[in-house]
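Below is coords15.cif, holding mmCIF, C-alpha atoms.
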```cif
data_work
#
loop_
_atom_site.label_atom_id
_atom_site.label_comp_id
_atom_site.auth_asym_id
_atom_site.auth_seq_id
_atom_site.Cartn_x
_atom_site.Cartn_y
_atom_site.Cartn_z
CA MET A 71 24.81 -20.05 9.67
CA TYR A 72 21.91 -22.27 10.71
CA ASP A 73 22.17 -26.04 10.71
CA PHE A 74 19.47 -27.82 8.71
CA ALA A 75 21.37 -31.07 8.24
CA GLY A 76 18.96 -34.00 8.06
CA LYS A 77 16.00 -31.73 7.34
CA ILE A 78 13.78 -31.80 4.26
CA ALA A 79 12.65 -28.37 3.08
CA VAL A 80 9.93 -27.84 0.48
CA VAL A 81 9.80 -24.47 -1.28
CA THR A 82 6.92 -23.59 -3.58
CA GLY A 83 7.57 -20.95 -6.20
CA GLY A 84 11.16 -21.98 -5.69
CA ALA A 85 12.50 -21.36 -9.19
CA GLY A 86 13.13 -17.66 -8.65
CA GLY A 87 12.93 -14.67 -6.34
CA ILE A 88 12.30 -15.23 -2.63
CA GLY A 89 11.71 -18.95 -3.13
CA GLU A 90 15.01 -19.61 -4.85
CA ALA A 91 16.93 -17.48 -2.36
CA SER A 92 15.34 -19.47 0.47
CA ALA A 93 16.15 -22.77 -1.20
CA ALA A 94 19.76 -21.67 -1.54
CA GLY A 95 19.90 -20.77 2.14
CA PHE A 96 18.57 -24.17 3.19
CA LEU A 97 20.99 -25.98 0.88
CA LYS A 98 23.98 -24.08 2.23
CA ALA A 99 22.90 -25.07 5.74
CA GLY A 100 22.74 -28.78 4.86
CA ALA A 101 19.06 -29.43 4.12
CA LYS A 102 17.69 -31.60 1.35
CA VAL A 103 15.47 -29.27 -0.67
CA PHE A 104 12.52 -29.91 -2.96
CA VAL A 105 11.94 -26.92 -5.24
CA MET A 106 8.41 -26.73 -6.62
CA ASP A 107 7.33 -24.48 -9.50
CA TRP A 108 4.87 -24.57 -12.40
CA SER A 109 7.41 -23.62 -15.10
CA GLN A 110 9.77 -26.32 -16.32
CA GLU A 111 11.95 -23.72 -18.01
CA ALA A 112 12.32 -21.75 -14.78
CA LEU A 113 12.98 -24.96 -12.83
CA ASP A 114 15.74 -26.02 -15.24
CA ALA A 115 17.43 -22.63 -14.92
CA ALA A 116 17.11 -22.66 -11.13
CA MET A 117 18.53 -26.16 -10.88
CA ASN A 118 21.64 -25.03 -12.73
CA ARG A 119 22.15 -22.40 -10.02
CA LEU A 120 21.09 -24.49 -7.02
CA SER A 121 22.54 -27.93 -7.76
CA PRO A 122 26.13 -26.93 -6.91
CA LEU A 123 24.95 -25.91 -3.42
CA GLY A 124 23.66 -29.30 -2.27
CA ASP A 125 20.96 -31.97 -2.51
CA VAL A 126 18.10 -30.40 -4.45
CA THR A 127 15.20 -31.94 -6.40
CA ALA A 128 12.95 -30.08 -8.84
CA ILE A 129 9.23 -30.83 -8.90
CA LYS A 130 7.03 -29.35 -11.62
CA ALA A 131 3.61 -28.64 -10.17
CA ASP A 132 0.88 -26.02 -10.13
CA VAL A 133 -0.24 -25.29 -6.57
CA THR A 134 -3.85 -25.05 -7.77
CA ASP A 135 -3.82 -28.70 -8.90
CA ARG A 136 -4.66 -30.72 -5.80
CA ALA A 137 -4.28 -34.10 -7.47
CA ALA A 138 -0.81 -33.18 -8.72
CA LEU A 139 0.15 -31.89 -5.29
CA ASP A 140 -1.00 -35.13 -3.67
CA ALA A 141 1.44 -36.99 -5.91
CA CYS A 142 4.23 -34.48 -5.25
CA PHE A 143 3.91 -34.75 -1.48
CA GLU A 144 3.77 -38.52 -1.73
CA GLN A 145 7.16 -38.33 -3.45
CA ILE A 146 8.40 -36.13 -0.63
CA ALA A 147 6.99 -38.54 1.97
CA GLU A 148 8.95 -41.37 0.39
CA ALA A 149 12.11 -39.28 0.82
CA GLY A 150 11.39 -38.80 4.52
CA GLY A 151 8.62 -36.23 4.74
CA THR A 152 8.49 -32.46 5.07
CA ASP A 153 10.28 -30.76 7.96
CA ILE A 154 10.11 -27.21 6.59
CA LEU A 155 7.59 -25.69 4.18
CA VAL A 156 7.97 -22.29 2.51
CA THR A 157 5.02 -21.15 0.41
CA SER A 158 6.30 -18.47 -1.95
CA ALA A 159 4.24 -19.37 -5.03
CA ALA A 160 2.12 -16.36 -5.97
CA ILE A 161 0.90 -14.24 -8.85
CA VAL A 162 -0.11 -10.58 -8.98
CA LYS A 163 -2.07 -8.22 -11.17
CA THR A 164 -2.77 -4.62 -10.30
CA GLY A 165 -5.99 -2.75 -10.94
CA GLN A 166 -8.76 -0.75 -9.33
CA ILE A 167 -11.22 -2.96 -7.49
CA LEU A 168 -14.32 -1.82 -9.41
CA ASP A 169 -12.61 -2.63 -12.71
CA PHE A 170 -11.00 -5.91 -11.67
CA ASP A 171 -11.72 -8.85 -13.97
CA PRO A 172 -13.59 -11.59 -12.04
CA ASP A 173 -11.72 -14.41 -13.78
CA THR A 174 -8.38 -12.84 -12.88
CA TRP A 175 -9.62 -12.35 -9.33
CA ALA A 176 -10.49 -16.05 -9.08
CA ARG A 177 -7.15 -17.16 -10.52
CA ILE A 178 -5.16 -15.02 -8.06
CA LEU A 179 -7.16 -16.31 -5.09
CA ASN A 180 -6.72 -19.87 -6.33
CA VAL A 181 -2.93 -19.58 -6.58
CA ASN A 182 -2.08 -17.31 -3.67
CA LEU A 183 -4.54 -18.44 -1.01
CA THR A 184 -6.03 -21.81 -1.94
CA GLY A 185 -2.68 -23.02 -3.30
CA THR A 186 -1.05 -22.04 -0.01
CA PHE A 187 -3.77 -23.92 1.88
CA HIS A 188 -3.21 -27.07 -0.21
CA CYS A 189 0.52 -27.11 0.49
CA CYS A 190 0.17 -26.26 4.18
CA GLN A 191 -2.38 -29.03 4.64
CA LEU A 192 -0.33 -31.68 2.86
CA ALA A 193 2.99 -30.69 4.42
CA GLY A 194 1.34 -30.21 7.82
CA ARG A 195 0.08 -33.78 7.80
CA GLN A 196 3.62 -35.02 7.21
CA MET A 197 4.91 -32.80 10.03
CA LEU A 198 2.17 -34.10 12.33
CA ALA A 199 3.38 -37.65 11.72
CA LYS A 200 6.90 -36.53 12.66
CA GLY A 201 5.79 -34.57 15.70
CA LYS A 202 7.58 -31.41 14.55
CA GLY A 203 7.84 -28.96 11.70
CA ARG A 204 8.10 -25.39 10.51
CA ILE A 205 5.64 -23.67 8.16
CA ILE A 206 6.65 -20.29 6.77
CA THR A 207 4.18 -18.58 4.46
CA VAL A 208 5.15 -15.64 2.27
CA SER A 209 2.70 -12.82 2.80
CA SER A 210 3.02 -9.06 2.14
CA VAL A 211 2.48 -5.71 3.82
CA ASN A 212 -0.37 -5.46 1.30
CA GLY A 213 -2.22 -7.99 3.42
CA GLN A 214 -2.26 -5.60 6.37
CA ILE A 215 -3.13 -2.22 4.84
CA ALA A 216 -5.13 -1.11 1.82
CA ASN A 217 -2.60 0.09 -0.73
CA THR A 218 -4.63 1.15 -3.77
CA GLY A 219 -4.51 -0.83 -6.97
CA ARG A 220 -3.44 -4.09 -5.36
CA GLY A 221 -6.67 -5.84 -6.38
CA ALA A 222 -7.05 -9.47 -5.39
CA TYR A 223 -3.41 -9.73 -4.32
CA SER A 224 -3.98 -7.78 -1.08
CA CYS A 225 -7.05 -9.85 -0.22
CA THR A 226 -5.14 -13.11 -0.70
CA LYS A 227 -2.28 -11.96 1.50
CA GLY A 228 -4.70 -10.96 4.26
CA GLY A 229 -6.10 -14.47 3.94
CA VAL A 230 -2.61 -15.99 4.11
CA ASP A 231 -2.00 -14.11 7.37
CA MET A 232 -5.15 -15.59 8.93
CA LEU A 233 -4.38 -19.06 7.58
CA THR A 234 -0.95 -18.80 9.19
CA ARG A 235 -2.43 -17.84 12.55
CA LEU A 236 -4.96 -20.65 12.31
CA LEU A 237 -2.21 -23.18 11.61
CA ALA A 238 -0.25 -21.83 14.57
CA ALA A 239 -3.26 -22.14 16.87
CA GLU A 240 -4.19 -25.65 15.80
CA LEU A 241 -0.70 -27.14 15.51
CA GLY A 242 1.24 -25.32 18.20
CA ASP A 243 0.82 -28.12 20.76
CA LYS A 244 1.98 -30.69 18.22
CA GLY A 245 5.54 -29.45 17.74
CA ILE A 246 4.72 -27.42 14.63
CA THR A 247 5.05 -23.66 14.26
CA ALA A 248 3.55 -21.48 11.54
CA ASN A 249 4.76 -17.96 10.81
CA ALA A 250 4.71 -15.57 7.86
CA VAL A 251 7.12 -13.08 6.37
CA ALA A 252 5.51 -9.91 5.00
CA PRO A 253 7.81 -7.85 2.79
CA VAL A 254 7.33 -4.62 0.91
CA PRO A 255 7.93 -4.99 -2.84
CA VAL A 256 10.97 -7.17 -3.49
CA ASP A 257 13.28 -6.88 -6.47
CA THR A 258 12.01 -10.00 -8.23
CA PRO A 259 10.88 -10.64 -11.81
CA MET A 260 7.24 -10.83 -10.67
CA VAL A 261 7.36 -7.36 -9.10
CA LEU A 262 9.26 -5.87 -12.00
CA GLN A 263 6.46 -7.00 -14.34
CA VAL A 264 3.89 -4.81 -12.59
CA HIS A 265 5.94 -1.97 -11.09
CA GLY A 266 7.02 0.79 -13.42
CA PRO A 267 9.15 3.80 -12.49
CA LYS A 268 6.13 5.65 -11.08
CA ASP A 269 5.19 2.75 -8.82
CA ARG A 270 8.76 2.37 -7.58
CA ALA A 271 9.07 6.07 -6.83
CA ALA A 272 5.81 6.03 -4.85
CA TRP A 273 6.89 3.04 -2.76
CA GLU A 274 10.43 4.24 -2.15
CA ALA A 275 9.12 7.62 -1.03
CA GLN A 276 7.26 5.90 1.83
CA ILE A 277 9.80 3.23 2.82
CA PRO A 278 12.24 4.61 5.42
CA ALA A 279 15.00 2.50 3.88
CA ARG A 280 14.20 4.17 0.52
CA ARG A 281 14.52 0.97 -1.49
CA TYR A 282 12.81 -2.32 -2.26
CA ALA A 283 13.75 -5.45 -0.34
CA LYS A 284 16.22 -7.93 -1.81
CA PRO A 285 15.22 -11.60 -2.13
CA GLN A 286 18.12 -12.60 0.11
CA GLU A 287 16.92 -10.32 2.90
CA VAL A 288 13.52 -12.02 2.95
CA ALA A 289 15.13 -15.45 2.65
CA ASP A 290 17.30 -14.72 5.68
CA ALA A 291 14.17 -14.06 7.74
CA ILE A 292 12.62 -17.28 6.44
CA CYS A 293 15.66 -19.34 7.39
CA PHE A 294 15.56 -17.81 10.88
CA LEU A 295 11.90 -18.75 11.34
CA ALA A 296 12.70 -22.29 10.18
CA SER A 297 15.57 -22.64 12.65
CA ASP A 298 15.73 -23.85 16.24
CA ALA A 299 16.42 -20.24 17.26
CA ALA A 300 12.76 -19.46 16.46
CA ALA A 301 11.29 -22.46 18.28
CA TYR A 302 8.99 -20.31 20.47
CA ILE A 303 7.87 -17.94 17.73
CA ASN A 304 4.48 -19.05 16.49
CA GLY A 305 1.64 -17.29 14.67
CA HIS A 306 3.76 -14.21 13.98
CA ILE A 307 3.65 -12.05 10.86
CA LEU A 308 7.22 -10.78 10.49
CA ASN A 309 7.38 -7.59 8.45
CA VAL A 310 10.52 -7.43 6.32
CA ASP A 311 9.82 -3.93 5.14
CA GLY A 312 12.59 -1.43 5.79
CA GLY A 313 10.36 0.29 8.37
CA PHE A 314 7.35 0.77 6.07
CA MET A 315 4.68 -0.47 8.47
CA ALA A 316 6.14 1.48 11.39
CA SER A 317 6.04 4.85 9.65
CA GLY A 318 3.44 7.38 8.65
CA VAL A 319 3.91 10.31 6.27
CA LEU A 320 7.61 10.75 5.62
CA ILE A 321 8.82 14.33 5.39
CA ARG A 322 12.22 13.94 3.79
#
```
Show this structure as structure tokens.
Amino acid sequence: MYDFAGKIAVVTGGAGGIGEASAAGFLKAGAKVFVMDWSQEALDAAMNRLSPLGDVTAIKADVTDRAALDACFEQIAEAGGTDILVTSAAIVKTGQILDFDPDTWARILNVNLTGTFHCCQLAGRQMLAKGKGRIITVSSVNGQIANTGRGAYSCTKGGVDMLTRLLAAELGDKGITANAVAPVPVDTPMVLQVHGPKDRAAWEAQIPARRYAKPQEVADAICFLASDAAAYINGHILNVDGGFMASGVLIR
């Protein structure tokens, strides 16, 4: 168990999946947690699950709305400022690149990449004032290799990886680390919306572990990267993938 007592953790996309599992981990380890999500209904449901675990505050915000985020992070500053940021807010739509709708492309980039930039910039400024901090972005193995049909999602995750490295390079001498977790598909509602039985079978055939990741398994990696145990890990993309990126063709 890590000790995050006295720390303030901010988790975007925190009302479900990896984000909620991460928020729960921070709460159990003593942090004060701000859970950010665009859906009030999802936030209300998540708060019912998270509130018994510790000091948690829900913030309704869309990561594409810079003005709203400015106000949100001002609220967090008044509470003491961000020590840990986890950027798990993301959307996905599959499709072949030549058929991909440009408006959908723009929306996915705006949420997954530009939204991550907004939150990293605002939280990073608070960390800079404190002289310390941990930024953990949620990427994907799709940001490292060209899995077909991933559309804009893969491009945004490749961008998140580079943003993470840039943050690490620019903030590393200021007491702030930036790392990413890059899972294979995770059993979350978002993935279940776009992965049918055929998709799951194709992925599981190429994952040595022969299954999708669980939100808790990704959250455990996030909590590690946020902890003092990871103080000298900076600019790293940690694959949480059951061996997927290490393997080639699997002959079962």
- prompt: Selected by the PyMOL selection byres ((chain A and resi 193-205) around 9) in the shown coordinates: which residues, as a ChimeraX atom specification?
  reply: /A:80,143,147,151-157,188-192,206-207,234,237-238,241,244-250,295-297,301
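The interatomic distance for the pair atom CA of Ile88 of chain A and atom CA of Phe74 of chain A works out to 18.4 Å.
For segment 263-276 of chain A, the non-local neighbours within 9 Å, defined as residues at least 4 positions apart in the same chain or in other chains and counting only C-alpha atoms, are Val162, Lys163, Thr164, Val254, Pro255, Thr258, Pro259, Arg280, Arg281, Tyr282, Phe314, Ser317, Gly318, Val319, Leu320 and Arg322 of chain A.
Atom CA of Ala128 of chain A lies 25.8 Å from atom CA of Lys227 of chain A.
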- request: Expand the PyMOL selection byres ((chain A and resi 71) around 7) into the individual residues it matches in the shown file, reporting them as an MDAnalysis selection string.
  value: chainID A and resid 72:73 99
task: Counting all atoms listed in the file, find the residues whose atoms lie at most 12 Å from (16.4, -9.8, -5.2) (file coordinates) and write them out as a PyMOL selection string.
output: chain A and resi 86-92+253+255-262+281-290
Using C-alpha atoms, can you write the selected residues to a file as a PDB file, keeping the file's coordinate frame?
```pdb
ATOM      1  CA  GLY A  86      13.130 -17.660  -8.650  1.00  0.00           C
ATOM      2  CA  GLY A  87      12.930 -14.670  -6.340  1.00  0.00           C
ATOM      3  CA  ILE A  88      12.300 -15.230  -2.630  1.00  0.00           C
ATOM      4  CA  GLY A  89      11.710 -18.950  -3.130  1.00  0.00           C
ATOM      5  CA  GLU A  90      15.010 -19.610  -4.850  1.00  0.00           C
ATOM      6  CA  ALA A  91      16.930 -17.480  -2.360  1.00  0.00           C
ATOM      7  CA  SER A  92      15.340 -19.470   0.470  1.00  0.00           C
ATOM      8  CA  PRO A 253       7.810  -7.850   2.790  1.00  0.00           C
ATOM      9  CA  PRO A 255       7.930  -4.990  -2.840  1.00  0.00           C
ATOM     10  CA  VAL A 256      10.970  -7.170  -3.490  1.00  0.00           C
ATOM     11  CA  ASP A 257      13.280  -6.880  -6.470  1.00  0.00           C
ATOM     12  CA  THR A 258      12.010 -10.000  -8.230  1.00  0.00           C
ATOM     13  CA  PRO A 259      10.880 -10.640 -11.810  1.00  0.00           C
ATOM     14  CA  MET A 260       7.240 -10.830 -10.670  1.00  0.00           C
ATOM     15  CA  VAL A 261       7.360  -7.360  -9.100  1.00  0.00           C
ATOM     16  CA  LEU A 262       9.260  -5.870 -12.000  1.00  0.00           C
ATOM     17  CA  ARG A 281      14.520   0.970  -1.490  1.00  0.00           C
ATOM     18  CA  TYR A 282      12.810  -2.320  -2.260  1.00  0.00           C
ATOM     19  CA  ALA A 283      13.750  -5.450  -0.340  1.00  0.00           C
ATOM     20  CA  LYS A 284      16.220  -7.930  -1.810  1.00  0.00           C
ATOM     21  CA  PRO A 285      15.220 -11.600  -2.130  1.00  0.00           C
ATOM     22  CA  GLN A 286      18.120 -12.600   0.110  1.00  0.00           C
ATOM     23  CA  GLU A 287      16.920 -10.320   2.900  1.00  0.00           C
ATOM     24  CA  VAL A 288      13.520 -12.020   2.950  1.00  0.00           C
ATOM     25  CA  ALA A 289      15.130 -15.450   2.650  1.00  0.00           C
ATOM     26  CA  ASP A 290      17.300 -14.720   5.680  1.00  0.00           C
TER      27      ASP A 290
END
```
task: Do a neighbour search on Val251 of chain A at 6 Å with only C-alpha atoms, toss out local chain neighbours closer than 4 positions, and write the hits as a ChimeraX atom specification.
output: /A:208-209,307-309
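Between atom CA of Gly150 of chain A and atom CA of Ser109 of chain A the interatomic distance comes to 25.1 Å.
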- request: Check the smallest atom-to-atom distance from each of A:Asp140, A:Ala94, A:Trp108, A:Asp135 to Ser121 of chain A using only C-alpha atoms, then report the winner.
  value: A:Ala94
